[in-house]
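Structure file entry_18.cif (mmCIF, C-alpha atoms) is printed below.
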data_final
loop_
_atom_site.label_atom_id
_atom_site.label_comp_id
_atom_site.auth_asym_id
_atom_site.auth_seq_id
_atom_site.Cartn_x
_atom_site.Cartn_y
_atom_site.Cartn_z
CA MET R 1 74.04 138.25 88.71
CA GLY R 2 75.84 139.38 91.81
CA GLU R 3 73.13 141.83 92.73
CA ARG R 4 70.46 139.20 92.58
CA PHE R 5 72.30 136.88 95.00
CA PRO R 6 74.08 138.99 97.57
CA GLN R 7 76.97 136.95 98.93
CA GLU R 8 77.52 136.56 102.61
CA PRO R 9 81.19 136.84 103.48
CA ALA R 10 80.83 133.53 105.31
CA ASP R 11 79.88 131.85 102.03
CA GLU R 12 82.95 133.26 100.33
CA GLU R 13 85.16 132.04 103.14
CA LEU R 14 83.66 128.60 103.02
CA LEU R 15 84.04 128.45 99.23
CA ALA R 16 87.66 129.50 99.54
CA ALA R 17 88.22 126.76 102.09
CA VAL R 18 86.58 124.23 99.74
CA ARG R 19 88.76 125.44 96.86
CA SER R 20 91.84 124.94 99.00
CA ALA R 21 90.77 121.49 100.23
CA LEU R 22 90.00 120.20 96.74
CA ARG R 23 93.21 121.24 95.06
CA PRO R 24 96.06 118.74 95.10
CA PRO R 25 98.40 118.97 98.09
CA GLN R 26 100.79 121.87 97.59
CA VAL R 27 103.91 119.75 97.86
CA PRO R 28 106.48 118.72 95.24
CA GLU R 29 105.15 115.97 92.98
CA ASP R 30 107.96 113.56 93.84
CA VAL R 31 107.27 113.98 97.57
CA LEU R 32 103.63 113.13 96.94
CA ALA R 33 104.49 110.16 94.71
CA ALA R 34 106.93 108.81 97.30
CA ALA R 35 104.31 109.12 100.05
CA ARG R 36 101.81 107.15 97.96
CA ALA R 37 104.38 104.56 96.96
CA VAL R 38 105.55 103.63 100.47
CA TYR R 39 102.28 101.77 101.02
CA THR R 40 103.79 98.89 99.03
CA TRP R 41 106.19 98.48 101.97
CA ARG R 42 103.36 97.50 104.25
CA THR R 43 104.18 94.25 106.00
CA VAL R 44 101.38 91.96 106.97
CA ASP R 45 101.54 89.72 110.01
CA ALA R 46 104.77 91.18 111.26
CA GLU R 47 105.42 92.63 114.68
CA LEU R 48 106.89 96.10 114.78
CA ALA R 49 110.11 96.64 116.73
CA GLU R 50 109.93 100.33 117.53
CA LEU R 51 112.97 102.54 117.68
CA SER R 52 113.26 103.06 121.43
CA TYR R 53 116.72 104.58 121.63
CA ASP R 54 118.87 106.45 119.15
CA SER R 55 122.14 107.95 120.33
CA ALA R 56 121.87 110.54 117.55
CA GLY R 57 118.57 111.68 119.03
CA SER R 58 119.95 112.10 122.54
CA SER R 59 120.92 115.56 123.65
CA ARG R 60 124.62 114.75 123.56
CA PRO R 61 125.57 113.24 120.23
CA GLY R 62 128.34 110.72 120.67
CA ALA R 63 126.98 109.46 123.98
CA GLY R 64 126.35 106.14 122.25
CA VAL R 65 130.02 105.44 121.63
CA ARG R 66 130.86 102.28 123.51
CA GLY R 67 134.22 100.72 124.13
CA ARG R 68 133.86 97.41 122.35
CA THR R 69 132.16 98.36 119.12
CA ALA R 70 133.26 101.98 118.87
CA ALA R 71 129.96 102.67 117.16
CA LEU R 72 129.34 106.18 115.95
CA ARG R 73 125.69 105.75 116.66
CA THR R 74 123.65 103.14 118.44
CA LEU R 75 120.03 102.26 117.81
CA THR R 76 117.74 100.08 119.90
CA PHE R 77 114.53 98.60 118.50
CA ARG R 78 112.10 96.98 120.87
CA ALA R 79 109.41 94.43 120.14
CA ARG R 80 107.43 92.61 122.81
CA GLU R 81 109.96 89.87 123.46
CA VAL R 82 112.91 90.78 121.29
CA VAL R 83 115.38 93.66 121.29
CA VAL R 84 117.42 94.51 118.22
CA GLU R 85 120.59 96.49 118.98
CA VAL R 86 122.38 98.10 116.08
CA GLY R 87 125.69 99.97 116.07
CA VAL R 88 126.70 102.16 113.16
CA THR R 89 130.43 102.14 112.43
CA PRO R 90 132.08 104.08 109.61
CA ASP R 91 131.70 101.19 107.16
CA ALA R 92 129.16 98.74 108.57
CA LEU R 93 126.15 98.06 110.75
CA THR R 94 126.86 95.61 113.56
CA GLY R 95 123.93 94.24 115.42
CA GLN R 96 122.53 91.66 117.75
CA VAL R 97 119.09 90.28 118.33
CA VAL R 98 118.42 89.51 122.00
CA PRO R 99 117.48 86.86 122.93
CA PRO R 100 119.00 84.98 119.97
CA VAL R 101 115.71 83.60 118.67
CA VAL R 102 116.19 84.87 115.15
CA ARG R 103 116.97 82.54 112.30
CA ALA R 104 117.17 85.04 109.45
CA VAL R 105 117.69 88.76 109.05
CA GLU R 106 116.97 90.78 105.93
CA LEU R 107 118.03 94.30 105.11
CA HIS R 108 115.38 96.41 103.40
CA THR R 109 116.19 99.67 101.68
CA THR R 110 113.76 101.75 99.65
CA GLY R 111 115.99 101.73 96.59
CA ALA R 112 116.81 98.04 96.19
CA ASP R 113 115.60 94.49 96.71
CA PRO R 114 115.85 92.95 100.20
CA VAL R 115 119.30 91.58 101.02
CA PRO R 116 119.73 88.53 103.27
CA VAL R 117 122.13 89.08 106.19
CA ASP R 118 124.00 86.25 107.93
CA VAL R 119 123.12 85.91 111.60
CA ASP R 120 125.08 83.68 114.00
CA GLU R 121 123.84 81.52 116.88
CA LEU R 122 124.26 84.43 119.30
CA GLY R 123 122.03 86.58 117.17
CA CYS R 124 124.92 88.73 115.91
CA PHE R 125 125.03 90.12 112.39
CA THR R 126 127.01 92.56 110.26
CA VAL R 127 125.78 94.60 107.32
CA HIS R 128 128.58 95.72 105.07
CA PRO R 129 128.77 98.17 103.39
CA LEU R 130 126.50 100.64 105.18
CA PRO R 131 123.07 100.85 103.60
CA ALA R 132 122.60 103.96 101.51
CA GLY R 133 119.74 106.06 102.79
CA ARG R 134 116.90 104.64 104.79
CA PHE R 135 116.79 101.03 105.94
CA ARG R 136 114.99 98.60 108.18
CA LEU R 137 115.70 95.06 109.32
CA VAL R 138 113.25 92.21 109.00
CA CYS R 139 113.96 89.36 111.41
CA THR R 140 112.38 85.92 111.22
CA THR R 141 112.37 83.80 114.36
CA ALA R 142 112.84 80.06 114.51
CA GLY R 143 109.08 79.85 115.03
CA GLY R 144 108.47 81.70 111.77
CA GLU R 145 107.33 84.97 113.33
CA ARG R 146 108.48 88.12 111.64
CA ILE R 147 109.68 91.23 113.41
CA VAL R 148 110.28 94.44 111.44
CA THR R 149 112.17 97.40 112.81
CA ASP R 150 111.12 100.99 112.25
CA TRP R 151 112.70 102.63 109.24
CA VAL R 152 115.73 104.74 110.05
CA GLY R 153 118.01 106.91 107.98
CA LEU R 154 121.73 107.15 108.59
CA MET T 1 87.06 103.56 101.26
CA GLY T 2 87.75 107.07 100.01
CA ALA T 3 87.27 110.79 100.39
CA ASP T 4 83.84 110.52 102.03
CA SER T 5 85.31 108.69 105.04
CA SER T 6 86.57 110.04 108.32
CA THR T 7 90.28 109.96 108.92
CA ALA T 8 89.78 107.34 111.61
CA ASP T 9 88.00 105.06 109.12
CA LEU T 10 90.70 105.66 106.52
CA VAL T 11 93.39 104.66 109.01
CA ARG T 12 91.55 101.47 109.91
CA ALA T 13 90.97 100.62 106.24
CA ALA T 14 94.59 101.31 105.26
CA ALA T 15 95.74 99.09 108.11
CA GLU T 16 93.59 96.33 106.58
CA GLY T 17 95.18 96.72 103.16
CA ASP T 18 92.98 99.31 101.42
CA GLY T 19 95.33 101.20 99.09
CA GLU T 20 92.69 103.80 98.14
CA ALA T 21 92.30 104.69 101.79
CA TRP T 22 96.06 105.20 101.97
CA ASP T 23 96.01 107.51 98.93
CA GLU T 24 93.30 109.63 100.51
CA ILE T 25 95.29 109.86 103.74
CA VAL T 26 98.22 111.15 101.68
CA GLN T 27 95.94 113.64 99.88
CA ARG T 28 94.76 114.99 103.21
CA TYR T 29 98.02 115.12 105.13
CA ALA T 30 100.99 115.39 102.73
CA GLU T 31 100.85 119.16 103.16
CA LEU T 32 100.99 118.83 106.93
CA VAL T 33 104.22 116.83 106.83
CA VAL T 34 105.87 119.24 104.42
CA ALA T 35 104.59 122.30 106.32
CA VAL T 36 106.19 121.06 109.54
CA CYS T 37 109.48 120.44 107.67
CA ARG T 38 109.35 123.99 106.29
CA ARG T 39 109.03 125.39 109.80
CA PHE T 40 112.44 123.93 110.49
CA ARG T 41 113.70 125.53 107.28
CA LEU T 42 114.90 122.23 105.88
CA ALA T 43 116.39 122.17 102.40
CA ASP T 44 114.29 120.49 99.71
CA ALA T 45 116.39 117.31 99.75
CA ASP T 46 115.92 117.04 103.52
CA VAL T 47 112.18 117.66 103.22
CA ARG T 48 112.03 114.68 100.82
CA ASP T 49 114.03 112.58 103.24
CA VAL T 50 111.97 113.40 106.31
CA SER T 51 108.68 113.09 104.45
CA GLN T 52 109.51 109.64 103.16
CA THR T 53 110.69 108.48 106.57
CA VAL T 54 107.49 109.71 108.20
CA TRP T 55 105.23 107.99 105.66
CA LEU T 56 107.24 104.78 105.86
CA ARG T 57 106.86 104.88 109.64
CA LEU T 58 103.16 105.43 109.31
CA VAL T 59 102.71 102.37 107.08
CA GLU T 60 104.07 100.13 109.81
CA ASN T 61 102.36 102.02 112.61
CA LEU T 62 98.85 102.00 111.12
CA PRO T 63 97.71 98.94 113.11
CA ALA T 64 99.31 100.31 116.28
CA LEU T 65 97.70 103.76 116.18
CA ARG T 66 95.56 103.30 119.24
CA GLU T 67 93.35 106.25 118.42
CA PRO T 68 93.10 106.36 114.62
CA GLY T 69 91.51 109.81 114.76
CA ALA T 70 94.70 111.12 116.31
CA LEU T 71 96.56 110.64 113.05
CA PRO T 72 97.24 114.37 112.41
CA GLY T 73 98.87 114.68 115.83
CA TRP T 74 100.92 111.54 115.25
CA LEU T 75 102.09 112.81 111.85
CA GLY T 76 102.88 116.25 113.24
CA SER T 77 104.95 115.04 116.16
CA THR T 78 106.69 112.29 114.17
CA THR T 79 107.66 114.85 111.52
CA ARG T 80 108.86 117.31 114.14
CA ASN T 81 110.97 114.64 115.83
CA GLU T 82 112.49 113.59 112.51
CA CYS T 83 113.34 117.20 111.70
CA LEU T 84 114.98 117.74 115.08
CA HIS T 85 116.84 114.49 114.66
CA LEU T 86 118.11 115.52 111.26
CA LEU T 87 119.24 118.89 112.54
CA ARG T 88 121.02 117.31 115.49
CA SER T 89 122.73 114.58 113.51
CA SER T 90 126.47 114.75 113.43
CA ARG T 91 126.90 115.80 109.83
CA ARG T 92 125.06 118.99 110.61
CA GLN T 93 126.71 119.71 113.94
CA VAL T 94 128.71 122.54 112.44
CA LEU T 95 125.59 124.32 111.31
CA VAL T 96 123.29 123.81 114.24
CA GLU T 97 124.43 123.86 117.83
CA GLU T 98 121.27 123.32 119.80
CA PRO T 99 117.77 122.34 118.81
CA ARG T 100 116.63 125.08 121.17
CA GLU T 101 117.13 127.43 118.27
CA PHE T 102 113.65 126.50 117.09
CA PRO T 103 111.38 127.54 119.94
CA ASP T 104 108.64 128.63 117.56
CA ALA T 105 108.17 125.17 116.11
CA ALA T 106 105.56 124.09 118.66
CA PRO T 107 102.98 126.89 118.23
CA GLY T 108 103.49 126.58 114.48
CA LEU T 109 102.66 122.93 114.69
CA ASP T 110 99.24 123.69 116.18
CA GLU T 111 98.48 125.96 113.27
CA ASP T 112 99.60 123.33 110.76
CA LEU T 113 97.48 120.70 112.50
CA LEU T 114 94.44 122.95 112.41
CA ALA T 115 94.89 123.57 108.69
CA ALA T 116 95.31 119.84 108.02
CA GLU T 117 92.22 118.93 110.03
CA ARG T 118 90.20 121.57 108.22
CA ARG T 119 91.36 120.26 104.85
CA SER T 120 90.49 116.74 105.89
CA ALA T 121 87.02 117.67 107.19
CA LEU T 122 86.20 119.70 104.09
CA ARG T 123 87.28 116.90 101.75
CA GLN T 124 85.10 114.48 103.66
CA ALA T 125 82.11 116.84 103.80
CA PHE T 126 82.44 117.63 100.10
CA ALA T 127 82.66 113.96 99.13
CA CYS T 128 79.43 113.29 101.04
CA LEU T 129 77.43 115.79 98.94
CA PRO T 130 75.17 114.51 96.13
CA PRO T 131 77.06 114.23 92.81
CA ALA T 132 75.20 117.12 91.15
CA TRP T 133 76.10 119.45 94.00
CA ARG T 134 79.72 118.33 93.91
CA ALA T 135 79.85 119.09 90.19
CA LEU T 136 78.44 122.57 90.78
CA LEU T 137 80.79 123.34 93.66
CA GLU T 138 83.79 122.19 91.65
CA LEU T 139 82.92 124.72 88.95
CA LEU T 140 82.17 127.42 91.52
CA VAL T 141 85.65 127.12 93.00
CA ALA T 142 87.38 126.79 89.61
CA ASP T 143 90.54 128.78 89.20
CA PRO T 144 90.36 131.00 87.21
CA PRO T 145 86.71 131.67 88.13
CA LEU T 146 83.99 130.70 85.66
CA PRO T 147 81.05 133.00 84.83
CA TYR T 148 77.63 131.68 85.87
CA ALA T 149 76.67 131.53 82.15
CA GLU T 150 79.51 129.09 81.53
CA ILE T 151 78.61 126.99 84.58
CA SER T 152 75.01 126.96 83.38
CA ARG T 153 76.11 125.78 79.92
CA ARG T 154 78.39 123.04 81.25
CA LEU T 155 75.92 121.60 83.73
CA GLY T 156 72.79 122.23 81.70
CA ILE T 157 71.08 124.11 84.54
CA PRO T 158 69.42 127.54 84.45
CA VAL T 159 71.65 130.46 85.42
CA GLY T 160 68.99 131.55 87.90
CA SER T 161 69.23 128.28 89.83
CA ILE T 162 72.96 128.53 90.49
CA GLY T 163 72.84 131.08 93.30
CA PRO T 164 70.11 129.32 95.33
CA THR T 165 71.70 125.88 94.80
CA ARG T 166 75.05 127.25 95.82
CA ALA T 167 73.51 128.58 99.04
CA ARG T 168 71.97 125.15 99.76
CA CYS T 169 75.29 123.38 99.06
CA LEU T 170 77.15 125.60 101.45
CA GLU T 171 74.49 125.24 104.10
CA LYS T 172 74.70 121.45 103.76
CA LEU T 173 78.48 121.59 104.01
CA ARG T 174 78.29 123.74 107.10
CA ARG T 175 75.96 121.28 108.79
CA SER T 176 77.93 118.20 107.78
CA PRO T 177 79.07 116.04 110.70
CA ALA T 178 82.72 116.32 109.61
CA LEU T 179 82.69 120.12 109.75
CA THR T 180 80.56 120.53 112.85
CA ALA T 181 82.84 118.08 114.66
CA LEU T 182 85.84 120.14 113.63
CA LEU T 183 84.28 123.44 114.65
CA GLY T 184 82.90 121.98 117.84
CA GLY T 185 79.80 124.11 117.38
CA ASP T 186 76.46 124.10 115.67
CA GLY T 187 77.54 124.80 112.14
CA GLU T 188 79.29 128.14 112.24
CA GLN T 189 81.54 129.01 109.38
CA PRO T 190 85.22 128.14 109.63
CA GLN T 191 87.02 130.79 111.66
CA ARG T 192 90.16 130.79 109.56
CA PRO T 193 89.62 129.49 106.06
CA ALA T 194 92.52 127.63 104.52
CA GLY T 195 92.55 129.59 101.29
CA ARG T 196 92.32 133.16 100.16
CA SER T 197 88.87 134.52 99.63
CA SER T 198 89.82 137.30 97.29
CA ARG T 199 88.45 135.61 94.19
CA THR T 200 84.75 135.65 93.54
CA PRO T 201 83.70 132.95 91.13
CA ARG T 202 80.63 134.60 89.75
CA GLU T 203 79.71 136.55 86.72
CA ARG T 204 80.74 140.16 86.55
#

Go ahead and express the file in the form of structure tokens.
Amino acid sequence: MGERFPQEPADEELLAAVRSALRPPQVPEDVLAAARAVYTWRTVDAELAELSYDSAGSSRPGAGVRGRTAALRTLTFRAREVVVEVGVTPDALTGQVVPPVVRAVELHTTGADPVPVDVDELGCFTVHPLPAGRFRLVCTTAGGERIVTDWVGL
Amino acid sequence: MGADSSTADLVRAAAEGDGEAWDEIVQRYAELVVAVCRRFRLADADVRDVSQTVWLRLVENLPALREPGALPGWLGSTTRNECLHLLRSSRRQVLVEEPREFPDAAPGLDEDLLAAERRSALRQAFACLPPAWRALLELLVADPPLPYAEISRRLGIPVGSIGPTRARCLEKLRRSPALTALLGGDGEQPQRPAGRSSRTPRER
């Protein structure tokens, strides 16, 4: 057969590329399953508060330690009109939504159901104990608008 | 929305709630995320961690991706940043002093991006072929390789037609918009194929 249809090397290369593109991604099955599954976390009609500062991502770890909260790490999430500041202490997350327009805060983790978090009239809240693994906060304003922070891992 | 769509269309569809579009995005780019993690020599558990964080981020960022076609770049740089972050984080301070220890991560990223874009373009081009041609190509790239006689039996086509049809399939692939856009030319073959070309799936 081969003699009757001499193969150009280019054809073989293209076939090899097709073979590679059609096989399943060469990644561990649980990594693939997790990547598919996270789509269920899609929030509709919520504004994203992007992680705009993370003391752990700055060149000098520990720079985020501030006098009052003695946080080991500080995170700042920014939406259009709201800023969510979060400090990570050894046993809790302490945070504040500025300005204090938020009526409810929920903690989302990938391993458990959402947990409501008390938020006071100044927009302050505490999450105790520390979430295990990755988390995000979902804030609902008095007007009913939802703001979700980026996911972060501790 | 599925494999025959461009990445930009998949991103727009997934942002609108199309779960199949999301699955195809994962099929195309899961390897990219893991490949970038491997460049930082992360342990398996950390690869899992970073990968999940990156995909979670993407879910929320789908509507905000201003240029949906730039998804590979977004995934690459988000993964790289997460890896650097992980390596810098305090619990690993003892092991890693400065992120500068990974100067080769950037050129490596370009290579990973190229491979991911090629995979994506080929999946799209393949999915746009007529069903009969897709069936033939799938058997032609089977691993281990199938003899032409077996392909002929399975598809009910003459052995003598396989070679010419194969040539037409490949020509069509080469001229597909997805591939020509990737190659930026007029249908030349891929410069660096993603797989090995040592196997020849034809009868011996």

(request) Find, counting only C-alpha atoms, the residue in T:Leu86, T:Ala15, T:Asp46, T:Ser176 that gets nearest to Ala127 in chain T. (result) T:Ser176

(request) Using only C-alpha atoms, give me every residue within 10 Å of (102.8, 99.0, 110.2) in file coordinates, as a list of chain:residue names. (result)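 Output of the proximity query reads R:Tyr39, R:Trp41, R:Arg42, R:Thr43, R:Val44, R:Asp45, R:Ala46, R:Glu47, R:Leu48, R:Val148, R:Thr149, R:Asp150, T:Ala14, T:Ala15, T:Leu56, T:Arg57, T:Leu58, T:Val59, T:Glu60, T:Asn61, T:Leu62, T:Pro63, T:Ala64, T:Leu65.
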
(message) Between T:Ala70, T:Ala13, T:Val36, T:Leu137, which residue has the minimum interatomic distance to chain R, considering all atoms listed in the file?
(response)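 Nearest to chain R: T:Leu137.
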
(message) Under the rule that all atoms listed in the file are counted, which of T:Asp44, T:Glu67, T:Glu31, T:Glu16 is the nearest residue to chain R?
(response)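 Closest residue, counting all atoms listed in the file: T:Glu31.
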
(request) Extract, using all atoms listed in the file, all DNA, RNA and protein residues at most 12 Å from Glu121 in chain R, discarding same-chain residues fewer than 2 positions from it, and format them as a PyMOL selection string. (result) chain R and resi 96-104+118-119+123-125+141-142

Can I get the selected residues back with C-alpha atoms, as a PDB file, in the coordinates of the input?
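See again24.pdb below for the written result:
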ATOM      1  CA  GLN R  96     122.530  91.660 117.750  1.00  0.00           C
ATOM      2  CA  VAL R  97     119.090  90.280 118.330  1.00  0.00           C
ATOM      3  CA  VAL R  98     118.420  89.510 122.000  1.00  0.00           C
ATOM      4  CA  PRO R  99     117.480  86.860 122.930  1.00  0.00           C
ATOM      5  CA  PRO R 100     119.000  84.980 119.970  1.00  0.00           C
ATOM      6  CA  VAL R 101     115.710  83.600 118.670  1.00  0.00           C
ATOM      7  CA  VAL R 102     116.190  84.870 115.150  1.00  0.00           C
ATOM      8  CA  ARG R 103     116.970  82.540 112.300  1.00  0.00           C
ATOM      9  CA  ALA R 104     117.170  85.040 109.450  1.00  0.00           C
ATOM     10  CA  ASP R 118     124.000  86.250 107.930  1.00  0.00           C
ATOM     11  CA  VAL R 119     123.120  85.910 111.600  1.00  0.00           C
ATOM     12  CA  GLY R 123     122.030  86.580 117.170  1.00  0.00           C
ATOM     13  CA  CYS R 124     124.920  88.730 115.910  1.00  0.00           C
ATOM     14  CA  PHE R 125     125.030  90.120 112.390  1.00  0.00           C
ATOM     15  CA  THR R 141     112.370  83.800 114.360  1.00  0.00           C
ATOM     16  CA  ALA R 142     112.840  80.060 114.510  1.00  0.00           C
TER      17      ALA R 142
END

(request) Enter the distance from CA of Val50 in chain T to CA of Ser52 in chain R, in Å, rounded to one decimal. (result) 18.4 Å

(request) Starting from the displayed file, determine the output of the PyMOL selection byres ((chain T and resi 8) around 9) and express the residue list as a count of residues only. (result) 13

Could you list, with a cut-off of 9 Å and counting all atoms listed in the file, the residues of chain R near chain T, each shown with its nearest atom pair and the distance in Å rounded to one decimal, rows sorted by chain and ascending number, as CSV?
residue,atom,partner,partner_atom,distance
R:Met1,CA,T:Glu203,CA,6.2
R:Gly2,CA,T:Glu203,CA,7.0
R:Arg4,CA,T:Gly163,CA,8.5
R:Phe5,CA,T:Gly163,CA,6.1
R:Pro9,CA,T:Ser197,CA,8.9
R:Ala10,CA,T:Gln189,CA,6.1
R:Asp11,CA,T:Leu170,CA,6.8
R:Glu12,CA,T:Ser197,CA,6.1
R:Glu13,CA,T:Ser197,CA,5.7
R:Leu14,CA,T:Gln189,CA,6.7
R:Leu15,CA,T:Val141,CA,6.6
R:Ala16,CA,T:Ser197,CA,5.2
R:Ala17,CA,T:Ala194,CA,5.0
R:Val18,CA,T:Leu122,CA,6.3
R:Arg19,CA,T:Val141,CA,5.2
R:Ser20,CA,T:Gly195,CA,5.2
R:Ala21,CA,T:Arg119,CA,4.8
R:Leu22,CA,T:Arg123,CA,6.6
R:Pro24,CA,T:Gln27,CA,7.0
R:Pro25,CA,T:Glu31,CA,5.6
R:Gln26,CA,T:Glu31,CA,6.2
R:Val27,CA,T:Glu31,CA,6.1
R:Pro28,CA,T:Arg48,CA,8.8
R:Asp30,CA,T:Arg48,CA,8.2
R:Val31,CA,T:Arg48,CA,5.8
R:Leu32,CA,T:Ala30,CA,6.8
R:Ala34,CA,T:Gln52,CA,6.5
R:Ala35,CA,T:Trp55,CA,5.8
R:Arg36,CA,T:Asp23,CA,5.9
R:Val38,CA,T:Leu56,CA,5.8
R:Tyr39,CA,T:Val59,CA,6.1
R:Thr40,CA,T:Gly19,CA,8.8
R:Trp41,CA,T:Val59,CA,7.3
R:Arg42,CA,T:Val59,CA,5.7
R:Thr43,CA,T:Glu60,CA,7.0
R:Val44,CA,T:Gly17,CA,8.7
R:Leu48,CA,T:Glu60,CA,7.0
R:Ala56,CA,T:Ser89,CA,5.8
R:Gly57,CA,T:His85,CA,5.5
R:Ser58,CA,T:His85,CA,8.8
R:Ser59,CA,T:Arg88,CA,8.3
R:Pro61,CA,T:Ser90,CA,7.0
R:Gly62,CA,T:Ser90,CA,8.5
R:Gly133,CA,T:Asp49,CA,8.7
R:Arg134,CA,T:Thr53,CA,7.5
R:Val148,CA,T:Glu60,CA,8.6
R:Asp150,CA,T:Arg57,CA,6.3
R:Trp151,CA,T:Arg57,CA,6.3
R:Val152,CA,T:Thr53,CA,7.2
R:Gly153,CA,T:Thr53,CA,7.6
R:Leu154,CA,T:Ser89,CA,9.0

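For the set R:Arg73, R:His128, R:Ala33, R:Arg80, the residue with the smallest atom-to-atom gap to Ala49 in chain R is R:Arg80, counting only C-alpha atoms.
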
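As for CA of Phe77 in chain R and CA of Gly73 in chain T, they are spaced 22.6 Å apart.
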
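Put simply, CA of Thr74 in chain R is 5.9 Å away from CA of Asp54 in chain R.
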
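For the set R:His108, R:Leu51, R:Leu72, R:Val117, the residue with the smallest atom-to-atom gap to Pro90 in chain R is R:Leu72, counting all atoms listed in the file.
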
Around (114.2, 90.7, 113.5), as given in the file, which residues come within 6 Å? Count only C-alpha atoms and list them as a PDB file with C-alpha atoms, in the coordinates of the input.
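File part_18.pdb, as written:
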ATOM      1  CA  VAL R 105     117.690  88.760 109.050  1.00  0.00           C
ATOM      2  CA  VAL R 138     113.250  92.210 109.000  1.00  0.00           C
ATOM      3  CA  CYS R 139     113.960  89.360 111.410  1.00  0.00           C
ATOM      4  CA  THR R 140     112.380  85.920 111.220  1.00  0.00           C
ATOM      5  CA  ILE R 147     109.680  91.230 113.410  1.00  0.00           C
ATOM      6  CA  VAL R 148     110.280  94.440 111.440  1.00  0.00           C
TER       7      VAL R 148
END

For range 135-148 of chain T in the structure I just supplied, write out N, CA and C atoms - as a JSON list (two decimals), in the first residue's frame.
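The resulting file, decode.json, is reproduced below:
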[["chain", "number", "residue", "atom", "x", "y", "z"],
["T", 135, "ALA", "N", -14.39, 10.36, 10.49],
["T", 135, "ALA", "CA", -14.31, 8.95, 10.86],
["T", 135, "ALA", "C", -13.03, 8.33, 10.30],
["T", 136, "LEU", "N", -12.71, 8.67, 9.04],
["T", 136, "LEU", "CA", -11.50, 8.12, 8.44],
["T", 136, "LEU", "C", -10.25, 8.61, 9.17],
["T", 137, "LEU", "N", -10.19, 9.90, 9.43],
["T", 137, "LEU", "CA", -9.00, 10.45, 10.09],
["T", 137, "LEU", "C", -8.82, 9.85, 11.48],
["T", 138, "GLU", "N", -9.93, 9.66, 12.19],
["T", 138, "GLU", "CA", -9.82, 9.07, 13.52],
["T", 138, "GLU", "C", -9.15, 7.70, 13.46],
["T", 139, "LEU", "N", -9.52, 6.91, 12.43],
["T", 139, "LEU", "CA", -8.91, 5.58, 12.31],
["T", 139, "LEU", "C", -7.46, 5.71, 11.84],
["T", 140, "LEU", "N", -7.18, 6.70, 11.00],
["T", 140, "LEU", "CA", -5.82, 6.87, 10.49],
["T", 140, "LEU", "C", -4.84, 7.29, 11.58],
["T", 141, "VAL", "N", -5.35, 7.93, 12.62],
["T", 141, "VAL", "CA", -4.44, 8.35, 13.70],
["T", 141, "VAL", "C", -4.57, 7.43, 14.91],
["T", 142, "ALA", "N", -5.25, 6.29, 14.73],
["T", 142, "ALA", "CA", -5.45, 5.38, 15.86],
["T", 142, "ALA", "C", -4.09, 4.92, 16.41],
["T", 143, "ASP", "N", -4.08, 4.67, 17.67],
["T", 143, "ASP", "CA", -2.87, 4.21, 18.34],
["T", 143, "ASP", "C", -3.23, 2.97, 19.15],
["T", 144, "PRO", "N", -2.72, 1.79, 18.83],
["T", 144, "PRO", "CA", -1.74, 1.50, 17.77],
["T", 144, "PRO", "C", -2.36, 1.66, 16.38],
["T", 145, "PRO", "N", -1.49, 1.84, 15.36],
["T", 145, "PRO", "CA", -1.96, 2.08, 14.00],
["T", 145, "PRO", "C", -2.78, 0.91, 13.46],
["T", 146, "LEU", "N", -3.77, 1.23, 12.63],
["T", 146, "LEU", "CA", -4.59, 0.20, 12.00],
["T", 146, "LEU", "C", -4.14, 0.01, 10.56],
["T", 147, "PRO", "N", -4.11, -1.25, 10.08],
["T", 147, "PRO", "CA", -3.82, -1.48, 8.65],
["T", 147, "PRO", "C", -4.97, -0.93, 7.81],
["T", 148, "TYR", "N", -4.63, -0.53, 6.55],
["T", 148, "TYR", "CA", -5.66, 0.00, 5.66],
["T", 148, "TYR", "C", -6.80, -1.02, 5.49]]
